[in-house]
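Below is one structure; the comments refer to it alone.
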Amino acid sequence: MRALSLLVALVALLALPSALAAILAIDYGAEFTKLSLVKPGVPFDVLLDRDSKRKISSVVTWKRDDRVFGQEGKMAATRFPDTHYPYVKPLLASSTLPNLPLYPNAPHLTADGTLVFPHPSAPAHLSPPAESDDVWSPTALLAHQLSYYRNLAESLSVADPVTQAIVTVPAWWTYAQRRAYRDALELEGLHVLAMVGDGTAVGLNYAMTRVFPDYDPATGAGERAIHVVYDSGALQTTATVLAFYQTSRLPTPKAKTAINTTHIEVLGVAWEEVGGVQLDLAVQELLVEDFVAKTGQAAVRQDKRAMAKLLREAVRVKHILSANQESSVAIESLHNDIDYRSHLTRAALEDKVAAARALFMTPITAALADAGLGIADVDSLILFGGNTRVPLVHAAVRAALGDAADSRIAQNVNTDEAAVLGAAFYGAGLSRQFKMKSLEVHERSVYPVTRGEETVFAKGTELGSRRSLSLAPVDQEIVFAENGIPVVGVSLVNVADALANITAPNPTLNLTMRLDARGLVSAANAVLFGAGDKSGVAGALKGLFGKDKGDKVEDGEVAEPVEKVVVKFKETVLGVKHMAPEERRVVQARLASIAKHEAAVAAREEARNALEGYLYRLSNLLSPEADNRALAEFGTEKERAALGALLQETFAWLADEADRADAKTLIAKRAALETLEAPVIRRFTEWRTRGKAIDAFQAAMFAGRAFLVEARANVTAARAAEAAATAELPVAPPKYTDDELDAVAALLKDNEEWMDGLMKVQVTLEGDKTADPVIMSKDLDERGKKLQMTVLRLTNKKTPRAPRPVKPSSAAAPEPTPAEAADTADEAVPGEEMATKQETAGEQPPKHEEL
């Protein structure tokens, strides 16, 4: 079971430290990818790419030495078909050649059974360099795309690196496919928090704003809401049967408020290898047949660029036919400079793909059969995937549901974005940065995992389960297969060394296997267990006197202490050839070299654009017709001539050498011009700001003088009062010391002398704007602020208190007047008054001997 905490309205805990990294949710499709970033302070929505698209084409294309992605990469297919790599997803962990004509430069199998794509004329900056044209595996191509996705996310998460990801995968993906996806993520430094089934992710998005009936899984009491997620994508169509229900529990026995938990449980999954791409290829084939019939140019099928143009037009025509009965076709210079124009009807397309209609229906009935349910048990069928908008697919769904189609087909989720948003909610629940409502997801395995004839994890086992196997305590190698295909080998080594540490007879070896939440099978641990010996005198005596605290009683017997020794094991990936350590190192080095090259190119382009913009701006300023007359008025003839000469020289260099220059050289070229322009800019800036700076400086001087006059007057008055004060009636000392006021006076005098000396020179320069000023605004501001801060510090100084008065002694005190005596009597302490009355009456106060 995987527990989540999900809240209908996400509440970000912005006060948490930034060490909590952002999470990137990825819904990677065969044709399009959707992203979402889970991070406090970032709007919870689909991430836009650099073309402001909400869905990103799942392609990578090389335009000579540069990688391009998304829409740009897709559009480059017609110009660079040999280095255009689309539809990578279905080839992950594949050991067979693709049967669809989707790849302009098709992959091939190497001698060891690895599927690789050629890269003709690989970039020179690739390191280590390619020894042949066979460069990229599907996993490496996916890593290229993931690098682009990560850069998009980090452009929004500037302060925190994006190092964690949660991804959606088809529920029916095998161990090898899931591992290949994980390898690609790890190549880009992304840790996989979870892999969520596509249908489950849609269910998560569906459940966020809904409340479901109560149900007890243990007893079966209550009801469950049953929904089918019908996902028709580019290459596959999948149906996932989900059960939604709610449970309540008290967190503690004394708690009064129950915690309600929403559950999403996968009951059944089925799929077919049919999707929107098959429709695209059908339209393309219709167009090819029509073009050949009209022109006789059968060689168009071998023209990669022409076929790429036809496929792009086929996609456009399919979208039009989804809403219209007919669409026009127009391609300029399709093949041998022949323009192609035609039209296509929806009826012609449906006739072409009539055999595929049944394939679109099969997943619904098969998934319900897998769940042991019927159409009558389903509350609704949720449509997801862009292909569900095609009338042919929609008609197939209605046919599968029969009479219940009108009441059960639901379009209440975003058919493009529901999966990635559901995955993002899942990731938010795994993070401590968000407060969410309680929700639990129960996904199940699609294939059985076996050891020989023994079933370790049956089909339908909940992901996250463990199974302990009892084995003979000897070195051995165990092979685990998924659906009959070996996937993991576990070698138990040095068992004899572990046996030497076991004193009990007949020890057993337990190997614990896990089927984790990502659907991956692995060994958790291997332990030797030895039960205590009950025979002999020690065992008999021990049984006479009860049991130890650590013993557990079962069926009336005393459990003996158990010895445990960990056994070493080694895990090996079997089956489809996976990415070996050496291959991983090479791919990582190549990805790093490409990233370094792209960073250098980006820096160079930025420096070139900045230089080019600066040159045009400077050229306009030097023009006699320029509106801005700063250079003409504040620059000397010599300075303008030098600037103009260097400007023309830099323009010529930009045209001839800029393409080969690096960022450092481009920056140096601009710096040389800025050095010549700097004196003119300084004069112009000073001319604009010096007047206000002088006014502010004079205001500070005036305030300082006023303060000094008032402060000295206050000090004089305070000292006069202090001289007339007595010890019994003291007054507070002066607020300011002589040193403090002398410091203010010194500042005022220094500023006056400085200003008077420079002003005499500055006045003579006022008529000449090309002369360098002697009074700088910066110096005026610094001196004025220093004086201001000194005066403010003294003004805010705390006023000193008067010293405590000194009480007069009794010997020197004069005789009190009758009125003063009466006042004194009124203020007498009650205890003292009582003692006085007793003494007056001739009574002695009681003695306390004990004191």
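By order in the structure tokens, chains are A, B, ...; within a chain, residues start at 1; ligands start at 1, following the order shown.
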
Stretch 804-808 of chain A surroundings by only C-alpha atoms, 12 Å radius, close-in-sequence under 5 positions cut, as a PDB file with N, CA and C atoms, in the first residue's frame:
```pdb
ATOM      1  N   ALA A 725      22.539  73.112  40.827  1.00  0.00           N
ATOM      2  CA  ALA A 725      21.829  72.020  41.488  1.00  0.00           C
ATOM      3  C   ALA A 725      22.530  71.632  42.775  1.00  0.00           C
ATOM      4  N   THR A 726      21.766  71.034  43.668  1.00  0.00           N
ATOM      5  CA  THR A 726      22.295  70.506  44.935  1.00  0.00           C
ATOM      6  C   THR A 726      22.268  69.004  44.901  1.00  0.00           C
ATOM      7  N   ALA A 727      22.926  68.446  45.907  1.00  0.00           N
ATOM      8  CA  ALA A 727      22.942  66.988  45.979  1.00  0.00           C
ATOM      9  C   ALA A 727      21.562  66.424  46.239  1.00  0.00           C
ATOM     10  N   GLU A 728      20.729  67.229  47.020  1.00  0.00           N
ATOM     11  CA  GLU A 728      19.376  66.748  47.309  1.00  0.00           C
ATOM     12  C   GLU A 728      18.452  66.934  46.100  1.00  0.00           C
ATOM     13  N   LEU A 729      18.739  67.886  45.235  1.00  0.00           N
ATOM     14  CA  LEU A 729      17.915  68.133  44.049  1.00  0.00           C
ATOM     15  C   LEU A 729      18.816  68.190  42.807  1.00  0.00           C
ATOM     16  N   PRO A 730      19.344  67.037  42.345  1.00  0.00           N
ATOM     17  CA  PRO A 730      20.258  67.024  41.201  1.00  0.00           C
ATOM     18  C   PRO A 730      19.490  67.180  39.874  1.00  0.00           C
ATOM     19  N   VAL A 731      20.225  67.501  38.826  1.00  0.00           N
ATOM     20  CA  VAL A 731      19.650  67.589  37.476  1.00  0.00           C
ATOM     21  C   VAL A 731      20.463  66.694  36.539  1.00  0.00           C
ATOM     22  N   ALA A 732      19.855  66.393  35.380  1.00  0.00           N
ATOM     23  CA  ALA A 732      20.522  65.505  34.409  1.00  0.00           C
ATOM     24  C   ALA A 732      21.705  66.214  33.766  1.00  0.00           C
ATOM     25  N   ALA A 813      20.059  67.781  60.398  1.00  0.00           N
ATOM     26  CA  ALA A 813      18.700  68.142  59.994  1.00  0.00           C
ATOM     27  C   ALA A 813      18.141  69.217  60.905  1.00  0.00           C
ATOM     28  N   PRO A 814      17.489  70.268  60.386  1.00  0.00           N
ATOM     29  CA  PRO A 814      16.875  71.326  61.215  1.00  0.00           C
ATOM     30  C   PRO A 814      15.619  70.821  61.899  1.00  0.00           C
TER      31      PRO A 814
END
```

Q | A:Arg64 environment, 10 Å, only C-alpha atoms, sequence neighbours closer than 5 positions dropped, as a ChimeraX atom specification | A | /A:80,83,120-123

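Residues lying within 7 Å of stretch 594-605 of chain A, counting only C-alpha atoms and ignoring same-chain neighbours fewer than 3 positions away, are His125, Leu126, Arg590, Leu591, Arg608, Asn609, Asp662 and Ala663 of chain A.
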
Q: as an MDAnalysis selection string, list the residues of stretch 570-617 of chain A assigned to helix (DSSP H, G or I) by DSSP on the backbone atoms of this structure.
A: chainID A and resid 581:617

Could you please take those selected residues and save C-alpha atoms as a tab-separated table (two decimals), in the first residue's frame?
```tsv
chain	number	residue	atom	x	y	z
A	581	PRO	CA	28.30	0.34	-16.30
A	582	GLU	CA	30.76	1.10	-19.11
A	583	GLU	CA	27.96	2.10	-21.48
A	584	ARG	CA	26.43	4.25	-18.77
A	585	ARG	CA	29.77	6.01	-18.24
A	586	VAL	CA	30.15	6.70	-21.97
A	587	VAL	CA	26.60	8.01	-22.34
A	588	GLN	CA	26.95	10.23	-19.28
A	589	ALA	CA	30.23	11.65	-20.61
A	590	ARG	CA	28.64	12.37	-23.99
A	591	LEU	CA	25.60	14.01	-22.39
A	592	ALA	CA	27.93	16.15	-20.28
A	593	SER	CA	29.98	17.17	-23.34
A	594	ILE	CA	26.80	18.16	-25.18
A	595	ALA	CA	25.56	20.15	-22.18
A	596	LYS	CA	28.92	21.93	-21.95
A	597	HIS	CA	28.87	22.75	-25.66
A	598	GLU	CA	25.30	24.05	-25.47
A	599	ALA	CA	26.15	26.21	-22.47
A	600	ALA	CA	29.09	27.70	-24.38
A	601	VAL	CA	26.91	28.27	-27.44
A	602	ALA	CA	24.24	29.96	-25.33
A	603	ALA	CA	26.84	32.20	-23.68
A	604	ARG	CA	28.33	33.07	-27.07
A	605	GLU	CA	24.93	33.88	-28.56
A	606	GLU	CA	24.05	36.04	-25.59
A	607	ALA	CA	27.38	37.90	-25.87
A	608	ARG	CA	26.97	38.32	-29.62
A	609	ASN	CA	23.43	39.65	-29.30
A	610	ALA	CA	24.56	42.06	-26.61
A	611	LEU	CA	27.48	43.26	-28.75
A	612	GLU	CA	25.35	43.64	-31.86
A	613	GLY	CA	22.67	45.59	-30.00
A	614	TYR	CA	25.32	47.81	-28.42
A	615	LEU	CA	26.91	48.55	-31.81
A	616	TYR	CA	23.62	49.66	-33.35
A	617	ARG	CA	22.80	51.80	-30.32
```

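Residue nearest A:Ser147, chosen from A:Arg210, A:Arg67, A:Arg179, A:Arg670 and counting only C-alpha atoms: A:Arg67.
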
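Of the listed residues (A:Pro253, A:Ser777, A:Ala194, A:Ile409), A:Ala194 comes nearest to A:Gly464; the distances count only C-alpha atoms.
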
Q: Report the residues of stretch 464-529 of chain A whose backbone DSSP state falls under strand (DSSP E), written as a ChimeraX atom specification.
A: /A:465-471,476-482,485-493,508-515,521-529

Give me a file of those residues, with N, CA, C and O atoms, as a compact mmCIF listing (two decimals), in the first residue's frame.
```txt
# COMPACT_ATOMS: atom_id res chain seq x y z
N SER A 465 4.61 -5.08 -2.08
CA SER A 465 4.56 -6.32 -1.28
C SER A 465 5.94 -6.95 -1.17
O SER A 465 6.85 -6.67 -1.96
N ARG A 466 6.07 -7.83 -0.14
CA ARG A 466 7.30 -8.60 0.06
C ARG A 466 6.94 -10.07 0.23
O ARG A 466 5.85 -10.41 0.66
N ARG A 467 7.90 -10.93 -0.08
CA ARG A 467 7.71 -12.37 0.06
C ARG A 467 9.02 -12.98 0.53
O ARG A 467 10.09 -12.72 -0.03
N SER A 468 8.94 -13.79 1.58
CA SER A 468 10.11 -14.45 2.15
C SER A 468 10.16 -15.89 1.66
O SER A 468 9.17 -16.63 1.77
N LEU A 469 11.33 -16.29 1.14
CA LEU A 469 11.52 -17.65 0.61
C LEU A 469 12.48 -18.41 1.51
O LEU A 469 13.53 -17.90 1.88
N SER A 470 12.14 -19.64 1.85
CA SER A 470 13.00 -20.52 2.65
C SER A 470 13.85 -21.37 1.72
O SER A 470 13.32 -22.09 0.87
N LEU A 471 15.16 -21.27 1.88
CA LEU A 471 16.09 -21.95 0.98
C LEU A 471 17.07 -22.80 1.77
O LEU A 471 17.25 -22.61 2.98
N GLN A 476 24.21 -20.49 -3.78
CA GLN A 476 23.35 -20.83 -4.90
C GLN A 476 22.97 -19.58 -5.68
O GLN A 476 23.11 -18.46 -5.20
N GLU A 477 22.50 -19.77 -6.89
CA GLU A 477 22.01 -18.68 -7.73
C GLU A 477 20.56 -18.97 -8.08
O GLU A 477 20.23 -20.05 -8.56
N ILE A 478 19.71 -17.96 -7.85
CA ILE A 478 18.27 -18.12 -8.06
C ILE A 478 17.85 -17.15 -9.15
O ILE A 478 18.23 -15.98 -9.14
N VAL A 479 17.07 -17.63 -10.08
CA VAL A 479 16.59 -16.83 -11.20
C VAL A 479 15.11 -16.56 -11.02
O VAL A 479 14.33 -17.49 -10.79
N PHE A 480 14.74 -15.30 -11.13
CA PHE A 480 13.33 -14.90 -11.03
C PHE A 480 12.88 -14.41 -12.41
O PHE A 480 13.59 -13.64 -13.08
N ALA A 481 11.72 -14.87 -12.82
CA ALA A 481 11.20 -14.55 -14.14
C ALA A 481 9.89 -13.78 -14.02
O ALA A 481 9.10 -14.02 -13.09
N GLU A 482 9.69 -12.86 -14.96
CA GLU A 482 8.43 -12.12 -15.04
C GLU A 482 7.71 -12.57 -16.30
O GLU A 482 8.21 -12.39 -17.41
N ILE A 485 9.85 -14.68 -18.51
CA ILE A 485 11.10 -14.11 -19.03
C ILE A 485 12.01 -13.78 -17.86
O ILE A 485 11.61 -13.03 -16.96
N PRO A 486 13.24 -14.33 -17.80
CA PRO A 486 14.15 -14.03 -16.67
C PRO A 486 14.43 -12.53 -16.58
O PRO A 486 14.72 -11.88 -17.58
N VAL A 487 14.33 -12.03 -15.36
CA VAL A 487 14.56 -10.58 -15.17
C VAL A 487 15.61 -10.30 -14.10
O VAL A 487 16.37 -9.33 -14.22
N VAL A 488 15.70 -11.11 -13.06
CA VAL A 488 16.63 -10.86 -11.96
C VAL A 488 17.25 -12.18 -11.53
O VAL A 488 16.55 -13.18 -11.36
N GLY A 489 18.57 -12.16 -11.34
CA GLY A 489 19.27 -13.28 -10.76
C GLY A 489 19.88 -12.88 -9.43
O GLY A 489 20.49 -11.80 -9.33
N VAL A 490 19.72 -13.70 -8.39
CA VAL A 490 20.26 -13.42 -7.07
C VAL A 490 21.26 -14.51 -6.72
O VAL A 490 20.89 -15.69 -6.67
N SER A 491 22.51 -14.12 -6.50
CA SER A 491 23.56 -15.08 -6.13
C SER A 491 23.86 -14.94 -4.65
O SER A 491 24.25 -13.86 -4.17
N LEU A 492 23.67 -16.02 -3.89
CA LEU A 492 23.98 -16.07 -2.46
C LEU A 492 25.39 -16.61 -2.31
O LEU A 492 25.70 -17.72 -2.77
N VAL A 493 26.26 -15.82 -1.68
CA VAL A 493 27.68 -16.17 -1.60
C VAL A 493 28.12 -16.20 -0.14
O VAL A 493 27.52 -15.57 0.74
N THR A 508 18.07 -22.28 8.76
CA THR A 508 17.36 -22.05 7.50
C THR A 508 17.82 -20.71 6.91
O THR A 508 18.18 -19.78 7.63
N LEU A 509 17.78 -20.66 5.59
CA LEU A 509 18.17 -19.45 4.87
C LEU A 509 16.92 -18.81 4.28
O LEU A 509 16.21 -19.44 3.48
N ASN A 510 16.65 -17.58 4.69
CA ASN A 510 15.47 -16.85 4.20
C ASN A 510 15.92 -15.72 3.27
O ASN A 510 16.74 -14.88 3.65
N LEU A 511 15.39 -15.71 2.07
CA LEU A 511 15.62 -14.64 1.10
C LEU A 511 14.32 -13.86 0.94
O LEU A 511 13.29 -14.44 0.57
N THR A 512 14.37 -12.56 1.21
CA THR A 512 13.18 -11.72 1.10
C THR A 512 13.23 -10.97 -0.22
O THR A 512 14.17 -10.23 -0.49
N MET A 513 12.22 -11.17 -1.05
CA MET A 513 12.08 -10.47 -2.32
C MET A 513 10.99 -9.41 -2.18
O MET A 513 10.03 -9.58 -1.42
N ARG A 514 11.16 -8.32 -2.93
CA ARG A 514 10.16 -7.26 -2.87
C ARG A 514 9.72 -6.87 -4.28
O ARG A 514 10.52 -6.87 -5.22
N LEU A 515 8.47 -6.53 -4.39
CA LEU A 515 7.89 -5.96 -5.60
C LEU A 515 7.55 -4.52 -5.24
O LEU A 515 6.51 -4.26 -4.63
N VAL A 521 11.23 -5.71 -9.41
CA VAL A 521 11.51 -6.86 -8.54
C VAL A 521 12.97 -6.78 -8.10
O VAL A 521 13.87 -6.57 -8.92
N SER A 522 13.21 -6.98 -6.80
CA SER A 522 14.59 -6.96 -6.30
C SER A 522 14.65 -7.74 -5.00
O SER A 522 13.62 -8.03 -4.37
N ALA A 523 15.88 -8.07 -4.60
CA ALA A 523 16.10 -8.77 -3.33
C ALA A 523 16.25 -7.74 -2.22
O ALA A 523 17.01 -6.78 -2.37
N ALA A 524 15.52 -7.94 -1.12
CA ALA A 524 15.60 -7.01 0.00
C ALA A 524 16.71 -7.42 0.97
O ALA A 524 17.54 -6.60 1.36
N ASN A 525 16.75 -8.68 1.37
CA ASN A 525 17.79 -9.15 2.28
C ASN A 525 17.83 -10.67 2.27
O ASN A 525 16.89 -11.34 1.80
N ALA A 526 18.94 -11.22 2.78
CA ALA A 526 19.10 -12.67 2.95
C ALA A 526 19.66 -12.91 4.35
O ALA A 526 20.68 -12.30 4.72
N VAL A 527 18.99 -13.78 5.14
CA VAL A 527 19.35 -13.98 6.54
C VAL A 527 19.32 -15.46 6.86
O VAL A 527 18.41 -16.20 6.45
N LEU A 528 20.34 -15.91 7.63
CA LEU A 528 20.35 -17.27 8.18
C LEU A 528 19.69 -17.24 9.55
O LEU A 528 20.03 -16.41 10.40
N PHE A 529 18.73 -18.12 9.78
CA PHE A 529 18.05 -18.23 11.07
C PHE A 529 18.41 -19.57 11.70
O PHE A 529 18.38 -20.61 11.03
```

Q.
Can you pull out the residues contacting stretch 301-309 of chain A? Cut-off 7 Å, using only C-alpha atoms, and skip same-chain residues under 2 positions away; I want them as number ranges by chain.
A. A: 77-79, 81, 104, 298-299, 311-313, 334-335

Q) Skipping near chain neighbours, those fewer than 6 positions away, what residues fall within 7 Å of A:Val46 using only C-alpha atoms, listed as a ChimeraX atom specification? A) /A:34-36,54

Go ahead and save the residues from that selection, with N, CA and C atoms, as a PDB file, in the first residue's frame.
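And here is the file that came out, selection26.pdb:
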```
ATOM      1  N   LYS A  34       3.864  15.914 -21.151  1.00  0.00           N
ATOM      2  CA  LYS A  34       3.354  16.996 -20.297  1.00  0.00           C
ATOM      3  C   LYS A  34       4.144  16.989 -18.999  1.00  0.00           C
ATOM      4  N   LEU A  35       4.430  18.187 -18.485  1.00  0.00           N
ATOM      5  CA  LEU A  35       5.238  18.349 -17.282  1.00  0.00           C
ATOM      6  C   LEU A  35       4.495  19.198 -16.272  1.00  0.00           C
ATOM      7  N   SER A  36       4.813  18.983 -14.994  1.00  0.00           N
ATOM      8  CA  SER A  36       4.305  19.831 -13.923  1.00  0.00           C
ATOM      9  C   SER A  36       5.346  19.864 -12.817  1.00  0.00           C
ATOM     10  N   ARG A  54       1.779  23.835 -23.986  1.00  0.00           N
ATOM     11  CA  ARG A  54       1.465  23.050 -22.791  1.00  0.00           C
ATOM     12  C   ARG A  54       1.812  21.576 -22.969  1.00  0.00           C
TER      13      ARG A  54
END
```

Q) Any idea what the distance is between atom CA of A:Met436 and atom CA of A:Leu146? A) 28.3 Å

Q: Check the smallest atom-to-atom distance from each of A:Arg316, A:Arg224, A:Asp497, A:Val300 to A:Asp337 using only C-alpha atoms, then report the winner.
A: A:Val300

Q: Tell me, as a ChimeraX atom specification, which residues lie within 7 Å of stretch 255-267 of chain A, counting only C-alpha atoms; anything in the same chain fewer than 3 positions away does not count.
A: /A:241-252,371,438-444

Saved selection, atoms kept: all heavy atoms, as a short mmCIF file (atom, residue, chain, number, x, y, z; two decimals), in the first residue's frame:
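Writing done, so here's result-v9.cif:
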```
data_model
loop_
_atom_site.label_atom_id
_atom_site.label_comp_id
_atom_site.auth_asym_id
_atom_site.auth_seq_id
_atom_site.Cartn_x
_atom_site.Cartn_y
_atom_site.Cartn_z
N VAL A 241 -9.60 -0.39 -14.92
CA VAL A 241 -10.78 -0.40 -14.05
C VAL A 241 -10.34 -0.01 -12.64
O VAL A 241 -9.46 -0.64 -12.06
CB VAL A 241 -11.45 -1.79 -14.03
CG1 VAL A 241 -12.70 -1.77 -13.17
CG2 VAL A 241 -11.78 -2.24 -15.45
N LEU A 242 -10.95 1.05 -12.11
CA LEU A 242 -10.59 1.58 -10.81
C LEU A 242 -11.79 1.54 -9.87
O LEU A 242 -12.93 1.81 -10.29
CB LEU A 242 -10.10 3.03 -10.92
CG LEU A 242 -8.88 3.29 -11.82
CD1 LEU A 242 -8.63 4.79 -11.93
CD2 LEU A 242 -7.66 2.59 -11.27
N ALA A 243 -11.51 1.22 -8.61
CA ALA A 243 -12.53 1.28 -7.56
C ALA A 243 -12.19 2.45 -6.64
O ALA A 243 -11.04 2.57 -6.18
CB ALA A 243 -12.57 -0.02 -6.77
N PHE A 244 -13.17 3.31 -6.37
CA PHE A 244 -13.00 4.45 -5.49
C PHE A 244 -13.90 4.25 -4.27
O PHE A 244 -15.10 3.98 -4.42
CB PHE A 244 -13.39 5.76 -6.19
CG PHE A 244 -12.56 6.09 -7.39
CD1 PHE A 244 -12.85 5.53 -8.63
CD2 PHE A 244 -11.50 6.99 -7.30
CE1 PHE A 244 -12.09 5.84 -9.75
CE2 PHE A 244 -10.74 7.30 -8.41
CZ PHE A 244 -11.04 6.73 -9.64
N TYR A 245 -13.32 4.39 -3.08
CA TYR A 245 -14.13 4.30 -1.87
C TYR A 245 -13.43 5.04 -0.74
O TYR A 245 -12.28 5.49 -0.88
CB TYR A 245 -14.39 2.84 -1.49
CG TYR A 245 -13.16 1.98 -1.29
CD1 TYR A 245 -12.55 1.87 -0.04
CD2 TYR A 245 -12.62 1.28 -2.36
CE1 TYR A 245 -11.43 1.08 0.13
CE2 TYR A 245 -11.49 0.49 -2.20
CZ TYR A 245 -10.90 0.39 -0.95
OH TYR A 245 -9.78 -0.39 -0.77
N GLN A 246 -14.13 5.15 0.37
CA GLN A 246 -13.62 5.90 1.51
C GLN A 246 -13.70 5.05 2.77
O GLN A 246 -14.66 4.29 2.97
CB GLN A 246 -14.45 7.18 1.70
CG GLN A 246 -14.02 8.04 2.88
CD GLN A 246 -14.82 9.33 2.97
OE1 GLN A 246 -14.59 10.25 2.21
NE2 GLN A 246 -15.77 9.38 3.88
N THR A 247 -12.68 5.15 3.61
CA THR A 247 -12.67 4.50 4.93
C THR A 247 -12.44 5.55 6.00
O THR A 247 -11.88 6.62 5.71
CB THR A 247 -11.57 3.43 5.01
OG1 THR A 247 -10.29 4.05 4.79
CG2 THR A 247 -11.78 2.34 3.99
N SER A 248 -12.87 5.24 7.22
CA SER A 248 -12.69 6.16 8.35
C SER A 248 -12.04 5.39 9.50
O SER A 248 -12.36 4.23 9.74
CB SER A 248 -14.03 6.74 8.81
OG SER A 248 -14.63 7.47 7.77
N ARG A 249 -11.14 6.05 10.21
CA ARG A 249 -10.49 5.44 11.37
C ARG A 249 -10.12 6.53 12.36
O ARG A 249 -9.90 7.69 11.99
CB ARG A 249 -9.24 4.67 10.96
CG ARG A 249 -8.14 5.55 10.39
CD ARG A 249 -6.90 4.75 10.03
NE ARG A 249 -5.85 5.60 9.46
CZ ARG A 249 -4.98 6.31 10.18
NH1 ARG A 249 -5.04 6.27 11.51
NH2 ARG A 249 -4.06 7.06 9.59
N LEU A 250 -10.05 6.12 13.63
CA LEU A 250 -9.61 7.04 14.68
C LEU A 250 -8.10 6.94 14.80
O LEU A 250 -7.56 5.84 14.93
CB LEU A 250 -10.28 6.68 16.00
CG LEU A 250 -11.80 6.89 16.08
CD1 LEU A 250 -12.34 6.37 17.39
CD2 LEU A 250 -12.15 8.36 15.90
N PRO A 251 -7.39 8.06 14.75
CA PRO A 251 -5.92 8.00 14.82
C PRO A 251 -5.43 7.44 16.15
O PRO A 251 -4.38 6.80 16.21
CB PRO A 251 -5.49 9.45 14.62
CG PRO A 251 -6.69 10.27 14.95
CD PRO A 251 -7.87 9.44 14.60
N THR A 252 -6.16 7.68 17.25
CA THR A 252 -5.83 7.15 18.57
C THR A 252 -7.12 6.67 19.23
O THR A 252 -8.21 7.11 18.86
CB THR A 252 -5.18 8.23 19.45
OG1 THR A 252 -6.09 9.31 19.64
CG2 THR A 252 -3.90 8.76 18.81
N ALA A 371 -11.15 -7.71 -14.16
CA ALA A 371 -11.62 -7.28 -12.84
C ALA A 371 -12.80 -8.12 -12.34
O ALA A 371 -13.22 -7.95 -11.19
CB ALA A 371 -12.03 -5.82 -12.89
N SER A 438 -5.92 12.74 3.22
CA SER A 438 -5.42 11.36 3.22
C SER A 438 -5.98 10.60 2.03
O SER A 438 -7.19 10.60 1.79
CB SER A 438 -5.81 10.67 4.53
OG SER A 438 -5.34 9.34 4.53
N LEU A 439 -5.08 9.95 1.29
CA LEU A 439 -5.48 9.17 0.13
C LEU A 439 -4.50 8.02 -0.06
O LEU A 439 -3.30 8.18 0.12
CB LEU A 439 -5.51 10.05 -1.12
CG LEU A 439 -6.13 9.45 -2.38
CD1 LEU A 439 -6.84 10.52 -3.19
CD2 LEU A 439 -5.07 8.79 -3.24
N GLU A 440 -5.01 6.85 -0.38
CA GLU A 440 -4.17 5.68 -0.58
C GLU A 440 -4.41 5.09 -1.96
O GLU A 440 -5.56 5.01 -2.42
CB GLU A 440 -4.44 4.63 0.50
CG GLU A 440 -3.98 5.07 1.88
CD GLU A 440 -4.17 3.98 2.92
OE1 GLU A 440 -4.64 2.89 2.53
OE2 GLU A 440 -3.86 4.23 4.09
N VAL A 441 -3.32 4.70 -2.60
CA VAL A 441 -3.37 4.12 -3.94
C VAL A 441 -2.96 2.66 -3.86
O VAL A 441 -1.95 2.33 -3.23
CB VAL A 441 -2.44 4.90 -4.89
CG1 VAL A 441 -2.39 4.22 -6.25
CG2 VAL A 441 -2.91 6.33 -5.04
N HIS A 442 -3.72 1.81 -4.51
CA HIS A 442 -3.44 0.37 -4.53
C HIS A 442 -3.28 -0.06 -5.99
O HIS A 442 -4.28 -0.25 -6.70
CB HIS A 442 -4.56 -0.43 -3.87
CG HIS A 442 -4.96 0.09 -2.52
ND1 HIS A 442 -4.46 -0.40 -1.34
CD2 HIS A 442 -5.83 1.08 -2.18
CE1 HIS A 442 -5.00 0.25 -0.32
NE2 HIS A 442 -5.84 1.16 -0.80
N GLU A 443 -2.03 -0.19 -6.43
CA GLU A 443 -1.78 -0.68 -7.78
C GLU A 443 -1.34 -2.13 -7.72
O GLU A 443 -0.75 -2.58 -6.72
CB GLU A 443 -0.71 0.17 -8.48
CG GLU A 443 -1.17 1.57 -8.83
CD GLU A 443 -0.24 2.26 -9.78
OE1 GLU A 443 0.88 2.61 -9.34
OE2 GLU A 443 -0.60 2.44 -10.95
N ARG A 444 -1.57 -2.86 -8.80
CA ARG A 444 -1.29 -4.29 -8.79
C ARG A 444 -0.45 -4.68 -9.99
O ARG A 444 -0.46 -4.00 -11.02
CB ARG A 444 -2.61 -5.07 -8.77
CG ARG A 444 -3.50 -4.71 -7.58
CD ARG A 444 -4.75 -5.56 -7.50
NE ARG A 444 -5.59 -5.11 -6.39
CZ ARG A 444 -5.39 -5.42 -5.12
NH1 ARG A 444 -4.36 -6.19 -4.78
NH2 ARG A 444 -6.20 -4.98 -4.18
#
```

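Closest to A:Leu618 among A:Leu646, A:Ala410, A:Ala802, A:Ala76 is A:Leu646, based on only C-alpha atoms.
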
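Here atom CA of A:Pro161 stands at a distance of 17.1 Å from atom CA of A:Pro43.
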
Q: Check the smallest atom-to-atom distance from each of A:Asn506, A:Thr362, A:Thr33, A:Thr219 to A:Leu401 using only C-alpha atoms, then report the winner.
A: A:Thr362
